[in-house]
Amino acid sequence: MKTVRERGVTFKLFSRSMQWLFALASRTHAARIAGMYDVQFMRLALQLARRGYGCTSPNPMVGALIVKGGKVIGRGWHRRAGGAHAEIEAFQDAARHGISPRGATLYITLEPCCTHGRTPPCTDAIKAAGIKHVIVGATDPNPKHVGKGFAILKRAGIEVLRGILADACTELNEAFNHWIIHRTPFVTVKAAMTLDGKIATASGESKWITGEESRAYGMKRRLGSDAILVGVNTVLADDPSLTARKQMADGRRQMEKPIRRFILDSMARTPLNAKVVSDEHAGLTTIVVSERAPKKRVAALAKQTNVLIAPITRSTIDLKWLLRSLGAENITSLLVEGGGEVNASFLMGGFAQRVAFFYAPKILGGRDSRKGVAGEGAKSLTEALQLRNLQWRKMGADLLLTARV
């Protein structure tokens, strides 16, 4: 009997061990499934965040989902600076459907704000709503706030999981992330070129090197930027409007987004009848001149638009000073569409963070054809500008290269 009892004890212990192993396996499987759902819901939150493209600066694009019982009960995204944050939009959406978020999970692409700005802290709203879990994509890059939102939520007993689709959530706001840390705009140099790197003929003819699909995508880049910059030679040669237009859903109407326009013009040569200083958006134009510019020309331009007198370095406008000035005006992203000299000054001077180069299947040739990147150039291959994170994309017959500098 003793042996039987011992065997019975042994059997019971074995059974309990098996139960524990089965329970552990079950929890692991559940966690794996939950992780899969977390990624799916974060993808939906990212889609919502992208709806704020071109509208939220100087704030980031953010999307939020509230999930309860495996179902989405609230959706939100940050629509414009000064407006409700994504979390608040999601709570309001849930309220419109008459569903309480208490005990639910909040998915958000960026760490919730924890300080008073134009709106109250979202961490307060999350706690008040009774959210049980918060799942976050990217951490707030602001050195003053980084990680503080997570800490506040954890102290309130809310479970926090971060890092879901972190790379995608971070890349979404690369301009904001750069600006909030460095206080200068994220600079993208954009150019449309032939395969041999030419942007115009010797006489200046450039319309159109690339096709319609490339030009439409280039316009989309403008819509996502706070400001656009060109050199005075581009104004003299093309008299561009430098506006940002969006094709509406019906395919016929176009919406025009106001965008800041900066002209590098050290000697104030911009004609007074140029579109950028005489059209309905002239108030959004700034002519950047040097102290050497003729005072009469500067005064005449100042009657029609904004004039900024910048210091010079090595006989050219001090771009470092200029970018700091733009950053102080909450310009988080700058699209440079200059000629070869302006492009070179930003790229070779170390002032650009990204390139967007469109290549058409054309060869222009010619010693005097205008280059996409001119300047003095690198003196050796070791000094050549190295690009990284290259992405190639087909645009009709053209190719688009985007890369980090």
# chains A, B, ... in the order shown; residues from 1 in each chain; ligands from 1
>>> residues_around(residues="Glu329 in chain A", least_positions_apart="2", cutoff="12 Å", atoms="only C-alpha atoms", output="list in words")
Ser57, Pro58, Trp179, Arg183, Thr184, Pro185, Asp226, Ala227, Arg260, Leu322, Leu323, Arg324, Ser325, Leu326, Gly327, Ile331, Thr332 and Ser333 of chain A
>>> select_by_dssp(residues="range 56-152 of chain A", states="alpha helix (DSSP H)", output="list in words")
Ala86, Glu87, Ile88, Glu89, Ala90, Phe91, Gln92, Asp93, Ala94, Ala95, Arg96, Cys122, Thr123, Asp124, Ala125, Ile126, Lys127, Ala128, Ala129, Lys148, Gly149, Phe150, Ala151 and Ile152 of chain A
>>> closest_residue(among="A:Lys144, A:Lys71, A:Arg80, A:His97", to="Thr56 in chain A", atoms="only C-alpha atoms")
A:Arg80
>>> closest_residue(among="A:Asp38, A:Glu174, A:Glu205, A:Asp238", to="Ser369 in chain A", atoms="only C-alpha atoms")
A:Glu205
>>> closest_residue(among="A:Ser266, A:Asn177, A:Thr234, A:Asn142", to="Ala200 in chain A", atoms="only C-alpha atoms")
A:Thr234
>>> closest_residue(among="A:Ala237, A:Ala360, A:Leu335, A:Met36", to="Trp208 in chain A", atoms="only C-alpha atoms")
A:Ala360
>>> select_by_dssp(residues="range 85-194 of chain A", states="strand (DSSP E or B)", output="ChimeraX atom specification")
/A:105-110,133-138,159-162,186-194
>>> write_last_selection(atoms="N, CA, C and O atoms", output="tab-separated table (two decimals), in the first residue's frame")
chain	number	residue	atom	x	y	z
A	105	THR	N	-7.72	48.18	-24.74
A	105	THR	CA	-6.31	48.36	-25.12
A	105	THR	C	-6.21	49.53	-26.09
A	105	THR	O	-6.99	49.61	-27.04
A	106	LEU	N	-5.26	50.41	-25.85
A	106	LEU	CA	-5.03	51.56	-26.73
A	106	LEU	C	-3.77	51.31	-27.54
A	106	LEU	O	-2.70	51.05	-26.98
A	107	TYR	N	-3.89	51.35	-28.85
A	107	TYR	CA	-2.74	51.26	-29.75
A	107	TYR	C	-2.45	52.65	-30.26
A	107	TYR	O	-3.34	53.35	-30.77
A	108	ILE	N	-1.20	53.08	-30.13
A	108	ILE	CA	-0.83	54.42	-30.57
A	108	ILE	C	0.56	54.40	-31.19
A	108	ILE	O	1.45	53.72	-30.68
A	109	THR	N	0.73	55.13	-32.27
A	109	THR	CA	1.99	55.07	-33.01
A	109	THR	C	3.14	55.81	-32.34
A	109	THR	O	4.29	55.56	-32.66
A	110	LEU	N	2.82	56.71	-31.39
A	110	LEU	CA	3.86	57.50	-30.72
A	110	LEU	C	3.55	57.61	-29.24
A	110	LEU	O	2.37	57.72	-28.86
A	133	HIS	N	-4.45	48.50	-21.12
A	133	HIS	CA	-3.17	48.25	-21.80
A	133	HIS	C	-2.91	49.38	-22.79
A	133	HIS	O	-3.83	49.81	-23.50
A	134	VAL	N	-1.67	49.81	-22.90
A	134	VAL	CA	-1.25	50.78	-23.92
A	134	VAL	C	-0.11	50.16	-24.71
A	134	VAL	O	0.91	49.77	-24.13
A	135	ILE	N	-0.29	50.06	-26.01
A	135	ILE	CA	0.72	49.48	-26.89
A	135	ILE	C	1.18	50.57	-27.86
A	135	ILE	O	0.37	51.17	-28.56
A	136	VAL	N	2.49	50.82	-27.86
A	136	VAL	CA	3.04	52.00	-28.53
A	136	VAL	C	4.06	51.58	-29.59
A	136	VAL	O	4.80	50.61	-29.41
A	137	GLY	N	4.10	52.34	-30.68
A	137	GLY	CA	5.08	52.10	-31.73
A	137	GLY	C	6.43	52.73	-31.43
A	137	GLY	O	7.40	52.04	-31.17
A	138	ALA	N	6.49	54.06	-31.46
A	138	ALA	CA	7.76	54.78	-31.30
A	138	ALA	C	7.78	55.58	-30.00
A	138	ALA	O	6.74	55.99	-29.48
A	159	GLU	N	-0.61	48.63	-18.04
A	159	GLU	CA	0.43	47.84	-18.68
A	159	GLU	C	0.84	48.51	-20.00
A	159	GLU	O	-0.02	48.89	-20.79
A	160	VAL	N	2.14	48.65	-20.19
A	160	VAL	CA	2.66	49.34	-21.38
A	160	VAL	C	3.58	48.39	-22.15
A	160	VAL	O	4.47	47.78	-21.57
A	161	LEU	N	3.33	48.29	-23.43
A	161	LEU	CA	4.20	47.54	-24.33
A	161	LEU	C	4.62	48.49	-25.45
A	161	LEU	O	3.77	49.11	-26.08
A	162	ARG	N	5.90	48.62	-25.69
A	162	ARG	CA	6.36	49.55	-26.72
A	162	ARG	C	7.28	48.85	-27.72
A	162	ARG	O	7.80	47.78	-27.45
A	186	PHE	N	14.37	69.31	-41.35
A	186	PHE	CA	14.85	68.13	-42.06
A	186	PHE	C	14.87	68.50	-43.54
A	186	PHE	O	13.85	68.85	-44.12
A	187	VAL	N	16.03	68.43	-44.16
A	187	VAL	CA	16.21	68.92	-45.53
A	187	VAL	C	16.24	67.76	-46.52
A	187	VAL	O	17.03	66.83	-46.38
A	188	THR	N	15.36	67.84	-47.52
A	188	THR	CA	15.36	66.90	-48.64
A	188	THR	C	15.73	67.64	-49.91
A	188	THR	O	15.12	68.66	-50.23
A	189	VAL	N	16.74	67.16	-50.61
A	189	VAL	CA	17.12	67.75	-51.90
A	189	VAL	C	16.45	66.92	-53.00
A	189	VAL	O	16.68	65.73	-53.12
A	190	LYS	N	15.62	67.58	-53.77
A	190	LYS	CA	14.86	66.92	-54.84
A	190	LYS	C	15.33	67.44	-56.19
A	190	LYS	O	15.54	68.65	-56.37
A	191	ALA	N	15.49	66.52	-57.15
A	191	ALA	CA	15.90	66.93	-58.49
A	191	ALA	C	15.35	65.94	-59.51
A	191	ALA	O	15.23	64.74	-59.24
A	192	ALA	N	15.00	66.46	-60.68
A	192	ALA	CA	14.57	65.64	-61.81
A	192	ALA	C	15.66	65.70	-62.86
A	192	ALA	O	15.99	66.78	-63.37
A	193	MET	N	16.24	64.54	-63.20
A	193	MET	CA	17.44	64.52	-64.03
A	193	MET	C	17.34	63.49	-65.15
A	193	MET	O	16.53	62.56	-65.09
A	194	THR	N	18.20	63.68	-66.13
A	194	THR	CA	18.41	62.65	-67.14
A	194	THR	C	19.33	61.59	-66.54
A	194	THR	O	19.87	61.77	-65.45
>>> atom_distance(atom1="CA of Val298 in chain A", atom2="CA of Leu347 in chain A")
28.2 Å
>>> residues_around(residues="Leu401 in chain A", least_positions_apart="4", cutoff="6 Å", atoms="only C-alpha atoms", output="PyMOL selection string")
chain A and resi 356-357+391-392
>>> atom_distance(atom1="CA of Val336 in chain A", atom2="CA of Val230 in chain A")
6.2 Å
>>> residues_around(residues="Ala95 in chain A", least_positions_apart="3", cutoff="12 Å", atoms="only C-alpha atoms", output="list in words")
Ile66, Ile73, Gly74, Arg75, Ile88, Glu89, Ala90, Phe91, Gln92, Gly98, Ile99, Ser100, Pro101, Arg102 and Ala129 of chain A
>>> residues_around(residues="Leu284 in chain A", least_positions_apart="6", cutoff="8 Å", atoms="only C-alpha atoms", output="PDB file with N, CA and C atoms, in the first residue's frame")
ATOM      1  N   PRO A 258      -1.181  76.251 -48.905  1.00  0.00           N
ATOM      2  CA  PRO A 258      -0.188  77.319 -48.702  1.00  0.00           C
ATOM      3  C   PRO A 258       1.126  76.719 -48.227  1.00  0.00           C
ATOM      4  N   ILE A 259       2.218  77.148 -48.803  1.00  0.00           N
ATOM      5  CA  ILE A 259       3.525  76.633 -48.429  1.00  0.00           C
ATOM      6  C   ILE A 259       4.525  77.783 -48.430  1.00  0.00           C
ATOM      7  N   ARG A 260       5.382  77.821 -47.434  1.00  0.00           N
ATOM      8  CA  ARG A 260       6.404  78.860 -47.370  1.00  0.00           C
ATOM      9  C   ARG A 260       7.385  78.681 -48.511  1.00  0.00           C
ATOM     10  N   ARG A 261       7.827  79.807 -49.095  1.00  0.00           N
ATOM     11  CA  ARG A 261       8.763  79.776 -50.226  1.00  0.00           C
ATOM     12  C   ARG A 261       9.976  80.640 -49.892  1.00  0.00           C
ATOM     13  N   THR A 305       6.985  91.584 -50.473  1.00  0.00           N
ATOM     14  CA  THR A 305       7.111  90.288 -49.811  1.00  0.00           C
ATOM     15  C   THR A 305       8.051  90.406 -48.621  1.00  0.00           C
ATOM     16  N   ASN A 306       8.419  89.278 -48.049  1.00  0.00           N
ATOM     17  CA  ASN A 306       9.325  89.261 -46.900  1.00  0.00           C
ATOM     18  C   ASN A 306      10.774  89.201 -47.374  1.00  0.00           C
TER      19      ASN A 306
END
>>> residues_around(residues="Ile131 in chain A", least_positions_apart="3", cutoff="6 Å", atoms="only C-alpha atoms", output="list of chain:residue names")
A:Arg102, A:Gly103, A:Ala104, A:Ile126
>>> closest_residue(among="A:Gly231, A:Phe176, A:Val355, A:Ala128", to="Ile158 in chain A", atoms="only C-alpha atoms")
A:Ala128
>>> residues_around(residues="Ala216 in chain A", least_positions_apart="2", cutoff="12 Å", atoms="only C-alpha atoms", output="PDB file with C-alpha atoms, in the first residue's frame")
ATOM      1  CA  THR A 210      10.459  63.493 -66.212  1.00  0.00           C
ATOM      2  CA  GLY A 211       6.970  62.149 -66.850  1.00  0.00           C
ATOM      3  CA  GLU A 212       3.594  62.954 -65.318  1.00  0.00           C
ATOM      4  CA  GLU A 213       3.786  60.270 -62.627  1.00  0.00           C
ATOM      5  CA  SER A 214       7.101  61.621 -61.349  1.00  0.00           C
ATOM      6  CA  GLY A 218       7.077  65.472 -56.627  1.00  0.00           C
ATOM      7  CA  MET A 219       3.988  67.568 -55.908  1.00  0.00           C
ATOM      8  CA  LYS A 220       3.089  65.134 -53.115  1.00  0.00           C
ATOM      9  CA  ARG A 221       6.524  65.773 -51.581  1.00  0.00           C
ATOM     10  CA  ARG A 222       5.714  69.486 -51.577  1.00  0.00           C
ATOM     11  CA  LEU A 223       2.399  68.827 -49.835  1.00  0.00           C
ATOM     12  CA  ALA A 244       1.656  72.738 -53.575  1.00  0.00           C
ATOM     13  CA  ARG A 245      -1.422  71.365 -55.323  1.00  0.00           C
ATOM     14  CA  LYS A 246      -3.406  68.243 -54.524  1.00  0.00           C
ATOM     15  CA  GLN A 247      -5.666  66.508 -57.024  1.00  0.00           C
ATOM     16  CA  PHE A 358      14.072  61.310 -60.297  1.00  0.00           C
ATOM     17  CA  MET A 395       7.513  56.012 -61.703  1.00  0.00           C
ATOM     18  CA  GLY A 396       6.064  55.275 -65.116  1.00  0.00           C
TER      19      GLY A 396
END
